[in-house]
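Please read the structure below before turning to the comments.
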Amino acid sequence: MQTQVDYARKGTITPQMRKTAKAEGIDPELLCGHIAAGRAVIMQRGKRLTGIGKDCRTKINVNLGTSTEKVCLEDELEKARIAEEFGGDTISDLSMGGDITAIRAAILAETTLPLTTVPIYQSVVEHGFRDMTSGDILGMLRMQAEEGISSCVIHCVSRTMLDLYKKKKRILGLVSKGGSITSAFILKNQCENPYIEHFDEVLSICKKHDIVLSLGNTARSGCIHDRRDAMQKEEIRGNALLAARAHEAGVQVIIEGCGGHIRSDRIPRYIRDYRKASPFPLFVAGPLPTDIGAGYDHIAGAVGGSVASAAGADYLCYITPAEHLGLPGPAAVKEGLIAFRIAAHIGDSVKYGRDAEDKNVARLRATLDREGQIRCSMDPARARELSDGDRECTMCGEFCAIKIMREF
């Protein structure tokens with residue numbers, strides 16, 4: 001199968017490239033060049049296309065899915081509907097409870113957004129740590145690819161990385177669930193990571209379906225006091241090499257990095273380091289610049305996300321108010337998504353100067369067109385609810401600064 005990378009290398013601008021470029025407001029030839037060089041990808045699901053990378057708007061991923069402790073299909077479907085209605089760009093189904101295959105099928109039926117999975121989640125649920133094999137892990141990736149996913153996450157933690165991890169004491173160890181499951185498999189079986197050992201097979205599966213391969217962030221920090229260490233640097237190096245192999249094979253690829261918990265002043269430097277290491281689109285979870293925001297981590301994460309986006313991150317994974325506390329419900333998903341859409345927009349206004357929407361709202365405010373402002377908001381129903389329903393703003397009333405200066 002010819003992938004977007006294959007076409008781009010030949011200089012062929014595909015219909016997908018033209019449609020994506022139009023949505024991003026960029027030249028199709030520019031996007032084609034970025035895909036050929038690995039700087040951008042197009043995540044596809046039917047007619048739905050999401051451009052991620054250089055010169056594309058910063059995208060937002062919405063995590064949803066069941067846990068071993070809480071399984072409610074209707075909640076997951078409502079989260080999927082919210083993701084679509086309120087401007088999410090992609091969905092990740094991280095389900096680990098209930099009939100995972102049926103849940104994924106229901107989510108695919110409920111939304112048009114590109115869907116990402118972490119195949120090792122379902123593999124360990126169905127086979128268990130004790131009996132899971134490399135064949136099970138690769139077989140799960142193959143099965144999910146055939147079901148129509150748009151992207152998959154694999155954690156390429158290596159034996160070298162685990163040796164480095166043992167030498168450095170962290171307050172919080174490995175906080176990546178997929179990374180810890182993969183690491184446990186390696187340690188239990190005293191083997192190399194099956195994703196690394198059979199990387200050519202992984203690439204063959206992804207290329208067959210033109211799936212975007214996402215190289216996971218196993219070594220991310222779990223608190224701001226766990227600073228970047230040798231394990232993280234080795235992951236950057238290793239993922240950059242694997243991404244180059246994937247791109248050479250014609251597979252679209254992104255790298256997850258600079259996520260987790262990072263103090264605010266360090267975020268731009270870390271992003272720059274990733275940018276120097278490889279040209280591939282950078283996917284960032286969060287990052288959280290403080291550890292004291294429990295219940296409001298979507299706000300803390302949006303602060304970190306805006307800094308990361310402005311510094312060059314291409315793709316943000318949202319955080320909800322339930323982070324660190326429990327499985328988020330539909331309301332928490334909406335709050336997290338809106339917060340991170342704001343973060344992405346702030347980043348794009350710095351990175352690309354995309355602030356035309358802000359100017360439009362400013363002009364509406366200048367003419368005291370409150371209804372116009374509400375219509376332009378990310379959640380008009382919420383904005384209208386907070387407006388008190390009165391004809392004029394009740395905060396200043398007759399002493400509105402704009403009115404005063406008009407008169408005098």
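Labeling convention for the structure tokens: chains A, B, ... as they appear, residues from 1 per chain, ligands from 1 in order of appearance.
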
Write out as a PyMOL selection string which residues come within 9 Å of A:Ala243 when counting only C-alpha atoms, dropping same-chain ones fewer than 6 positions away. chain A and resi 38+213-215+251-255+278+280

Taking only stretch 113-329 of chain A into account, list the residues labelled strand (DSSP E) by DSSP (computed from the backbone), as a list in words. Leu115, Thr116, Thr117, Ser151, Cys152, Val153, Ile154, Val212, Leu213, Ser214, Leu215, Val253, Ile254, Ile255, Glu256, Leu282, Phe283, Val284, Ala285, Tyr315, Leu316 and Cys317 of chain A

Expected file: the selected residues, N, CA and C atoms, as a PDB file, in the first residue's frame:
```pdb
ATOM      1  N   LEU A 115      -9.109   7.606  15.748  1.00  0.00           N
ATOM      2  CA  LEU A 115      -9.024   6.882  17.019  1.00  0.00           C
ATOM      3  C   LEU A 115      -7.649   6.254  17.190  1.00  0.00           C
ATOM      4  N   THR A 116      -7.070   6.487  18.365  1.00  0.00           N
ATOM      5  CA  THR A 116      -5.783   5.903  18.745  1.00  0.00           C
ATOM      6  C   THR A 116      -6.003   4.870  19.838  1.00  0.00           C
ATOM      7  N   THR A 117      -5.188   3.815  19.831  1.00  0.00           N
ATOM      8  CA  THR A 117      -5.231   2.816  20.907  1.00  0.00           C
ATOM      9  C   THR A 117      -3.815   2.548  21.410  1.00  0.00           C
ATOM     10  N   SER A 151      -4.338   5.378  14.649  1.00  0.00           N
ATOM     11  CA  SER A 151      -2.997   5.516  15.222  1.00  0.00           C
ATOM     12  C   SER A 151      -2.855   4.524  16.361  1.00  0.00           C
ATOM     13  N   CYS A 152      -1.622   4.112  16.625  1.00  0.00           N
ATOM     14  CA  CYS A 152      -1.367   3.226  17.762  1.00  0.00           C
ATOM     15  C   CYS A 152      -0.141   3.712  18.513  1.00  0.00           C
ATOM     16  N   VAL A 153      -0.153   3.478  19.821  1.00  0.00           N
ATOM     17  CA  VAL A 153       0.963   3.854  20.680  1.00  0.00           C
ATOM     18  C   VAL A 153       1.704   2.602  21.096  1.00  0.00           C
ATOM     19  N   ILE A 154       3.015   2.589  20.871  1.00  0.00           N
ATOM     20  CA  ILE A 154       3.853   1.521  21.407  1.00  0.00           C
ATOM     21  C   ILE A 154       4.945   2.156  22.256  1.00  0.00           C
ATOM     22  N   VAL A 212      -0.774   5.981  11.772  1.00  0.00           N
ATOM     23  CA  VAL A 212       0.275   6.802  12.360  1.00  0.00           C
ATOM     24  C   VAL A 212       0.826   6.078  13.582  1.00  0.00           C
ATOM     25  N   LEU A 213       2.123   5.830  13.562  1.00  0.00           N
ATOM     26  CA  LEU A 213       2.789   5.177  14.682  1.00  0.00           C
ATOM     27  C   LEU A 213       3.209   6.232  15.698  1.00  0.00           C
ATOM     28  N   SER A 214       2.780   6.047  16.938  1.00  0.00           N
ATOM     29  CA  SER A 214       3.109   6.981  18.015  1.00  0.00           C
ATOM     30  C   SER A 214       4.066   6.284  18.972  1.00  0.00           C
ATOM     31  N   LEU A 215       5.279   6.806  19.079  1.00  0.00           N
ATOM     32  CA  LEU A 215       6.292   6.216  19.958  1.00  0.00           C
ATOM     33  C   LEU A 215       6.134   6.802  21.354  1.00  0.00           C
ATOM     34  N   VAL A 253       4.864   8.842  11.438  1.00  0.00           N
ATOM     35  CA  VAL A 253       5.276   8.618  12.828  1.00  0.00           C
ATOM     36  C   VAL A 253       5.309   9.929  13.599  1.00  0.00           C
ATOM     37  N   ILE A 254       4.910   9.857  14.868  1.00  0.00           N
ATOM     38  CA  ILE A 254       5.062  10.969  15.802  1.00  0.00           C
ATOM     39  C   ILE A 254       5.776  10.448  17.036  1.00  0.00           C
ATOM     40  N   ILE A 255       6.364  11.354  17.808  1.00  0.00           N
ATOM     41  CA  ILE A 255       7.077  10.983  19.029  1.00  0.00           C
ATOM     42  C   ILE A 255       6.398  11.627  20.224  1.00  0.00           C
ATOM     43  N   GLU A 256       6.123  10.828  21.235  1.00  0.00           N
ATOM     44  CA  GLU A 256       5.605  11.345  22.493  1.00  0.00           C
ATOM     45  C   GLU A 256       6.798  11.684  23.387  1.00  0.00           C
ATOM     46  N   LEU A 282       5.811  16.335  17.572  1.00  0.00           N
ATOM     47  CA  LEU A 282       5.979  16.075  19.002  1.00  0.00           C
ATOM     48  C   LEU A 282       4.627  16.099  19.708  1.00  0.00           C
ATOM     49  N   PHE A 283       4.316  15.007  20.373  1.00  0.00           N
ATOM     50  CA  PHE A 283       3.070  14.832  21.120  1.00  0.00           C
ATOM     51  C   PHE A 283       3.394  14.955  22.603  1.00  0.00           C
ATOM     52  N   VAL A 284       2.688  15.849  23.293  1.00  0.00           N
ATOM     53  CA  VAL A 284       2.979  16.146  24.694  1.00  0.00           C
ATOM     54  C   VAL A 284       1.750  15.897  25.552  1.00  0.00           C
ATOM     55  N   ALA A 285       1.905  15.114  26.611  1.00  0.00           N
ATOM     56  CA  ALA A 285       0.830  14.913  27.587  1.00  0.00           C
ATOM     57  C   ALA A 285       0.975  15.960  28.680  1.00  0.00           C
ATOM     58  N   TYR A 315       1.118  18.675  19.327  1.00  0.00           N
ATOM     59  CA  TYR A 315      -0.042  17.839  19.622  1.00  0.00           C
ATOM     60  C   TYR A 315      -0.089  17.678  21.131  1.00  0.00           C
ATOM     61  N   LEU A 316      -1.197  18.088  21.759  1.00  0.00           N
ATOM     62  CA  LEU A 316      -1.329  18.029  23.214  1.00  0.00           C
ATOM     63  C   LEU A 316      -2.342  16.965  23.605  1.00  0.00           C
ATOM     64  N   CYS A 317      -2.008  16.190  24.619  1.00  0.00           N
ATOM     65  CA  CYS A 317      -2.988  15.286  25.218  1.00  0.00           C
ATOM     66  C   CYS A 317      -3.583  15.992  26.421  1.00  0.00           C
TER      67      CYS A 317
END
```

Using only C-alpha atoms, determine which residues lie at most 10 Å from A:Phe185, disregarding the query and same-chain residues fewer than 2 positions distant; provide the list as a ChimeraX atom specification. /A:124,129-134,179-183,187-194

How would the residues just picked look written out with N, CA and C atoms as a PDB file, in the first residue's frame?
```pdb
ATOM      1  N   VAL A 124      -2.642  -7.196  27.820  1.00  0.00           N
ATOM      2  CA  VAL A 124      -2.386  -7.625  29.198  1.00  0.00           C
ATOM      3  C   VAL A 124      -3.689  -7.953  29.925  1.00  0.00           C
ATOM      4  N   PHE A 129      -0.271 -10.732  32.948  1.00  0.00           N
ATOM      5  CA  PHE A 129       1.180 -10.596  32.993  1.00  0.00           C
ATOM      6  C   PHE A 129       1.880 -11.957  32.906  1.00  0.00           C
ATOM      7  N   ARG A 130       1.292 -12.957  33.554  1.00  0.00           N
ATOM      8  CA  ARG A 130       1.954 -14.260  33.675  1.00  0.00           C
ATOM      9  C   ARG A 130       2.042 -14.991  32.341  1.00  0.00           C
ATOM     10  N   ASP A 131       0.985 -14.883  31.510  1.00  0.00           N
ATOM     11  CA  ASP A 131       0.916 -15.700  30.299  1.00  0.00           C
ATOM     12  C   ASP A 131       1.094 -14.925  28.999  1.00  0.00           C
ATOM     13  N   MET A 132       1.083 -13.603  29.042  1.00  0.00           N
ATOM     14  CA  MET A 132       1.184 -12.814  27.818  1.00  0.00           C
ATOM     15  C   MET A 132       2.512 -13.080  27.105  1.00  0.00           C
ATOM     16  N   THR A 133       2.454 -13.203  25.781  1.00  0.00           N
ATOM     17  CA  THR A 133       3.647 -13.463  24.973  1.00  0.00           C
ATOM     18  C   THR A 133       3.869 -12.335  23.968  1.00  0.00           C
ATOM     19  N   SER A 134       5.036 -12.345  23.344  1.00  0.00           N
ATOM     20  CA  SER A 134       5.318 -11.378  22.277  1.00  0.00           C
ATOM     21  C   SER A 134       4.317 -11.523  21.148  1.00  0.00           C
ATOM     22  N   GLY A 179       4.097   2.097  29.450  1.00  0.00           N
ATOM     23  CA  GLY A 179       5.532   1.887  29.632  1.00  0.00           C
ATOM     24  C   GLY A 179       5.842   0.920  30.765  1.00  0.00           C
ATOM     25  N   SER A 180       5.074   1.012  31.850  1.00  0.00           N
ATOM     26  CA  SER A 180       5.323   0.124  32.986  1.00  0.00           C
ATOM     27  C   SER A 180       4.920  -1.316  32.657  1.00  0.00           C
ATOM     28  N   ILE A 181       3.815  -1.485  31.910  1.00  0.00           N
ATOM     29  CA  ILE A 181       3.393  -2.834  31.509  1.00  0.00           C
ATOM     30  C   ILE A 181       4.454  -3.459  30.603  1.00  0.00           C
ATOM     31  N   THR A 182       4.941  -2.674  29.639  1.00  0.00           N
ATOM     32  CA  THR A 182       5.971  -3.178  28.731  1.00  0.00           C
ATOM     33  C   THR A 182       7.259  -3.494  29.491  1.00  0.00           C
ATOM     34  N   SER A 183       7.619  -2.623  30.430  1.00  0.00           N
ATOM     35  CA  SER A 183       8.829  -2.851  31.237  1.00  0.00           C
ATOM     36  C   SER A 183       8.699  -4.109  32.077  1.00  0.00           C
ATOM     37  N   LEU A 187      11.197  -7.379  32.077  1.00  0.00           N
ATOM     38  CA  LEU A 187      11.887  -7.832  33.291  1.00  0.00           C
ATOM     39  C   LEU A 187      11.471  -9.253  33.672  1.00  0.00           C
ATOM     40  N   LYS A 188      10.188  -9.552  33.549  1.00  0.00           N
ATOM     41  CA  LYS A 188       9.706 -10.880  33.923  1.00  0.00           C
ATOM     42  C   LYS A 188      10.297 -11.957  33.011  1.00  0.00           C
ATOM     43  N   ASN A 189      10.362 -11.647  31.719  1.00  0.00           N
ATOM     44  CA  ASN A 189      10.810 -12.640  30.746  1.00  0.00           C
ATOM     45  C   ASN A 189      12.291 -12.525  30.402  1.00  0.00           C
ATOM     46  N   GLN A 190      12.964 -11.531  31.018  1.00  0.00           N
ATOM     47  CA  GLN A 190      14.392 -11.308  30.748  1.00  0.00           C
ATOM     48  C   GLN A 190      14.662 -11.301  29.238  1.00  0.00           C
ATOM     49  N   CYS A 191      13.882 -10.455  28.554  1.00  0.00           N
ATOM     50  CA  CYS A 191      13.977 -10.385  27.098  1.00  0.00           C
ATOM     51  C   CYS A 191      14.068  -8.924  26.671  1.00  0.00           C
ATOM     52  N   GLU A 192      14.250  -8.715  25.391  1.00  0.00           N
ATOM     53  CA  GLU A 192      14.189  -7.363  24.863  1.00  0.00           C
ATOM     54  C   GLU A 192      12.725  -7.014  24.598  1.00  0.00           C
ATOM     55  N   ASN A 193      12.434  -5.742  24.506  1.00  0.00           N
ATOM     56  CA  ASN A 193      11.090  -5.264  24.200  1.00  0.00           C
ATOM     57  C   ASN A 193      10.632  -5.863  22.863  1.00  0.00           C
ATOM     58  N   PRO A 194       9.491  -6.572  22.846  1.00  0.00           N
ATOM     59  CA  PRO A 194       9.050  -7.178  21.583  1.00  0.00           C
ATOM     60  C   PRO A 194       8.770  -6.153  20.492  1.00  0.00           C
TER      61      PRO A 194
END
```

Residue neighbourhood stretch 39-47 of chain A, 6 Å, only C-alpha atoms, exclusion window fewer than 3 positions, as a VMD selection string: chain A and resid 34 to 35 50 to 54 114 150 252 279 to 281

For C-alpha atoms, I'd like the residues from the last selection saved as a tab-separated table (two decimals), in the first residue's frame.
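Result went into out_35.tsv, see below:
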```
chain	number	residue	atom	x	y	z
A	34	HIS	CA	6.63	18.48	5.47
A	35	ILE	CA	5.19	14.95	5.15
A	50	THR	CA	-6.26	15.61	11.05
A	51	GLY	CA	-2.97	17.27	10.17
A	52	ILE	CA	-0.36	17.18	12.93
A	53	GLY	CA	3.05	18.82	12.77
A	54	LYS	CA	4.89	21.73	11.22
A	114	PRO	CA	-9.51	9.53	14.31
A	150	SER	CA	-6.03	5.63	12.94
A	252	GLN	CA	3.87	8.14	9.33
A	279	PRO	CA	12.10	16.55	12.96
A	280	PHE	CA	9.06	14.40	13.73
A	281	PRO	CA	5.83	15.84	15.22
```

List the spatial neighbours of A:Gly336 as an mmCIF file with N, CA and C atoms, in the first residue's frame - criterion: any atom at most 7 Å away, only C-alpha atoms, same-chain residues fewer than 2 positions off excluded.
```
data_model
loop_
_atom_site.group_PDB
_atom_site.id
_atom_site.type_symbol
_atom_site.label_atom_id
_atom_site.label_comp_id
_atom_site.auth_asym_id
_atom_site.auth_seq_id
_atom_site.Cartn_x
_atom_site.Cartn_y
_atom_site.Cartn_z
ATOM 1 N N HIS A 298 -6.641 20.219 35.200
ATOM 2 C CA HIS A 298 -6.874 20.648 33.813
ATOM 3 C C HIS A 298 -6.402 22.087 33.611
ATOM 4 N N TYR A 318 -4.893 16.173 26.405
ATOM 5 C CA TYR A 318 -5.547 16.947 27.454
ATOM 6 C C TYR A 318 -5.444 16.253 28.804
ATOM 7 N N ILE A 319 -5.712 17.022 29.858
ATOM 8 C CA ILE A 319 -5.799 16.527 31.227
ATOM 9 C C ILE A 319 -7.135 17.007 31.788
ATOM 10 N N THR A 320 -7.791 16.186 32.576
ATOM 11 C CA THR A 320 -9.092 16.564 33.144
ATOM 12 C C THR A 320 -8.950 16.914 34.621
ATOM 13 N N PRO A 321 -10.006 17.495 35.232
ATOM 14 C CA PRO A 321 -9.973 17.775 36.669
ATOM 15 C C PRO A 321 -9.804 16.520 37.521
ATOM 16 N N ALA A 332 -16.103 16.111 33.291
ATOM 17 C CA ALA A 332 -14.668 16.377 33.446
ATOM 18 C C ALA A 332 -13.960 16.363 32.091
ATOM 19 N N VAL A 333 -14.405 15.490 31.196
ATOM 20 C CA VAL A 333 -13.832 15.435 29.855
ATOM 21 C C VAL A 333 -14.062 16.762 29.134
ATOM 22 N N LYS A 334 -15.262 17.301 29.251
ATOM 23 C CA LYS A 334 -15.561 18.580 28.604
ATOM 24 C C LYS A 334 -14.687 19.695 29.166
ATOM 25 N N ILE A 338 -11.950 21.800 26.803
ATOM 26 C CA ILE A 338 -12.031 23.259 26.603
ATOM 27 C C ILE A 338 -10.760 23.933 27.103
ATOM 28 N N ALA A 339 -10.268 23.513 28.273
ATOM 29 C CA ALA A 339 -9.046 24.111 28.827
ATOM 30 C C ALA A 339 -7.877 23.941 27.868
ATOM 31 N N PHE A 340 -7.758 22.757 27.279
ATOM 32 C CA PHE A 340 -6.622 22.510 26.395
ATOM 33 C C PHE A 340 -6.810 23.110 25.011
#
```

So which residues touch stretch 224-229 of chain A within 12 Å, counting only C-alpha atoms, skipping near sequence neighbours fewer than 4 positions away, as number ranges by chain? A: 161, 164-175, 219-220, 233-236, 257-267, 269-270, 273, 287-292, 304

Please produce a file of the residues just selected, as a short mmCIF file (atom, residue, chain, number, x, y, z; two decimals), in the first residue's frame, where the atoms kept are N, CA and C atoms.
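What follows is the written file result.cif:
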```cif
data_model
loop_
_atom_site.label_atom_id
_atom_site.label_comp_id
_atom_site.auth_asym_id
_atom_site.auth_seq_id
_atom_site.Cartn_x
_atom_site.Cartn_y
_atom_site.Cartn_z
N MET A 161 17.51 1.32 28.83
CA MET A 161 16.75 2.32 29.60
C MET A 161 16.44 1.82 31.01
N LEU A 164 19.45 2.05 33.23
CA LEU A 164 19.66 3.43 33.65
C LEU A 164 18.67 3.83 34.73
N TYR A 165 17.45 3.34 34.62
CA TYR A 165 16.40 3.64 35.59
C TYR A 165 16.79 3.15 36.99
N LYS A 166 17.42 1.98 37.05
CA LYS A 166 17.81 1.40 38.34
C LYS A 166 18.87 2.24 39.05
N LYS A 167 19.63 3.01 38.27
CA LYS A 167 20.73 3.78 38.86
C LYS A 167 20.28 5.15 39.38
N LYS A 168 19.10 5.57 39.03
CA LYS A 168 18.64 6.91 39.40
C LYS A 168 17.38 6.82 40.24
N LYS A 169 17.43 7.36 41.44
CA LYS A 169 16.28 7.31 42.33
C LYS A 169 15.32 8.44 42.01
N ARG A 170 14.08 8.09 41.70
CA ARG A 170 13.04 9.09 41.47
C ARG A 170 12.06 9.06 42.63
N ILE A 171 11.44 10.20 42.90
CA ILE A 171 10.36 10.21 43.89
C ILE A 171 9.22 9.36 43.38
N LEU A 172 8.85 9.55 42.14
CA LEU A 172 7.87 8.72 41.46
C LEU A 172 8.59 7.99 40.33
N GLY A 173 8.41 6.69 40.27
CA GLY A 173 9.16 5.90 39.30
C GLY A 173 8.61 6.06 37.89
N LEU A 174 8.21 4.96 37.27
CA LEU A 174 7.61 5.03 35.94
C LEU A 174 6.12 5.27 36.10
N VAL A 175 5.64 6.39 35.58
CA VAL A 175 4.21 6.72 35.71
C VAL A 175 3.44 6.47 34.42
N ALA A 219 9.44 7.27 29.88
CA ALA A 219 10.33 7.82 30.90
C ALA A 219 9.90 9.18 31.44
N ARG A 220 8.73 9.66 31.08
CA ARG A 220 8.32 10.98 31.54
C ARG A 220 8.29 11.07 33.07
N LYS A 233 16.90 10.82 28.52
CA LYS A 233 17.76 11.16 27.39
C LYS A 233 17.95 9.97 26.46
N GLU A 234 18.04 8.77 27.04
CA GLU A 234 18.17 7.56 26.23
C GLU A 234 16.88 7.31 25.44
N GLU A 235 15.73 7.62 26.04
CA GLU A 235 14.47 7.44 25.32
C GLU A 235 14.37 8.41 24.14
N ILE A 236 14.80 9.64 24.34
CA ILE A 236 14.80 10.61 23.24
C ILE A 236 15.64 10.08 22.09
N GLY A 257 6.80 12.89 23.91
CA GLY A 257 7.90 13.29 24.78
C GLY A 257 7.60 14.59 25.48
N CYS A 258 8.42 14.94 26.44
CA CYS A 258 8.28 16.20 27.18
C CYS A 258 6.91 16.29 27.84
N GLY A 259 6.35 15.14 28.21
CA GLY A 259 5.06 15.13 28.90
C GLY A 259 5.23 14.87 30.38
N GLY A 260 4.10 14.68 31.05
CA GLY A 260 4.14 14.41 32.49
C GLY A 260 4.21 15.68 33.30
N HIS A 261 5.16 15.74 34.21
CA HIS A 261 5.30 16.86 35.15
C HIS A 261 6.64 17.54 34.92
N ILE A 262 6.61 18.80 34.51
CA ILE A 262 7.83 19.56 34.24
C ILE A 262 7.63 20.98 34.75
N ARG A 263 8.56 21.47 35.52
CA ARG A 263 8.45 22.85 36.01
C ARG A 263 8.40 23.81 34.83
N SER A 264 7.61 24.85 34.96
CA SER A 264 7.29 25.73 33.83
C SER A 264 8.52 26.28 33.12
N ASP A 265 9.53 26.70 33.87
CA ASP A 265 10.69 27.32 33.25
C ASP A 265 11.53 26.35 32.44
N ARG A 266 11.33 25.04 32.66
CA ARG A 266 12.12 24.04 31.94
C ARG A 266 11.45 23.58 30.65
N ILE A 267 10.14 23.84 30.51
CA ILE A 267 9.39 23.30 29.37
C ILE A 267 9.98 23.76 28.03
N ARG A 269 12.96 24.73 27.15
CA ARG A 269 14.27 24.13 26.88
C ARG A 269 14.15 22.67 26.49
N TYR A 270 13.29 21.94 27.20
CA TYR A 270 13.09 20.53 26.88
C TYR A 270 12.49 20.35 25.48
N ASP A 273 15.14 20.82 22.94
CA ASP A 273 16.02 19.65 22.86
C ASP A 273 15.40 18.54 22.00
N PRO A 287 2.22 19.43 29.57
CA PRO A 287 2.72 18.89 30.84
C PRO A 287 2.21 19.68 32.04
N LEU A 288 2.27 19.06 33.20
CA LEU A 288 1.85 19.72 34.44
C LEU A 288 3.04 20.46 35.06
N PRO A 289 2.94 21.77 35.24
CA PRO A 289 4.06 22.53 35.81
C PRO A 289 4.00 22.65 37.34
N THR A 290 3.02 22.03 37.98
CA THR A 290 2.93 22.03 39.44
C THR A 290 2.25 20.75 39.90
N ASP A 291 2.50 20.37 41.14
CA ASP A 291 1.92 19.14 41.68
C ASP A 291 0.84 19.40 42.73
N ILE A 292 0.42 20.65 42.90
CA ILE A 292 -0.53 20.98 43.98
C ILE A 292 -1.93 21.28 43.47
N GLY A 304 0.75 24.56 31.36
CA GLY A 304 1.92 23.89 30.80
C GLY A 304 1.76 23.63 29.31
#
```

Residues within 12 Å of A:Lys208, please, as a ChimeraX atom specification. Count only C-alpha atoms; anything in the same chain fewer than 6 positions from it doesn't count. /A:1-4,142,145-146,148,150,201-202,249-252

Once you have the residues from the selection above, write them out as a PDB file, in the first residue's frame, restricted to C-alpha atoms.
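Output saved as result.pdb:
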```
ATOM      1  CA  MET A   1       0.000   0.000   0.000  1.00  0.00           C
ATOM      2  CA  GLN A   2       1.167   3.521  -0.846  1.00  0.00           C
ATOM      3  CA  THR A   3       1.120   5.729   2.241  1.00  0.00           C
ATOM      4  CA  GLN A   4       1.013   9.503   2.487  1.00  0.00           C
ATOM      5  CA  ARG A 142      -2.618  -6.396  14.077  1.00  0.00           C
ATOM      6  CA  ALA A 145      -5.271  -2.131  12.963  1.00  0.00           C
ATOM      7  CA  GLU A 146      -7.698  -4.255  10.968  1.00  0.00           C
ATOM      8  CA  GLY A 148      -9.951   0.674  11.642  1.00  0.00           C
ATOM      9  CA  SER A 150      -6.029   5.629  12.938  1.00  0.00           C
ATOM     10  CA  GLU A 201       6.682  -6.324  11.761  1.00  0.00           C
ATOM     11  CA  VAL A 202       5.199  -3.315  13.588  1.00  0.00           C
ATOM     12  CA  ALA A 249       9.829   2.519   5.625  1.00  0.00           C
ATOM     13  CA  GLY A 250       7.040   4.886   4.563  1.00  0.00           C
ATOM     14  CA  VAL A 251       5.226   4.889   7.916  1.00  0.00           C
ATOM     15  CA  GLN A 252       3.870   8.142   9.326  1.00  0.00           C
TER      16      GLN A 252
END
```

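When only C-alpha atoms are used to measure the gap to A:Gly135, the shortest distance among A:Asn217, A:Ser123, A:Thr160, A:Thr111 belongs to A:Ser123.
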
Measuring atom to atom with only C-alpha atoms, identify which of A:Ala184, A:Leu386, A:Val350, A:Leu64 is nearest to A:Ser309. A:Val350

Find, counting only C-alpha atoms, the residue in A:Asn63, A:Thr101, A:Ser204, A:Thr218 that gets nearest to A:Ala246. A:Ser204
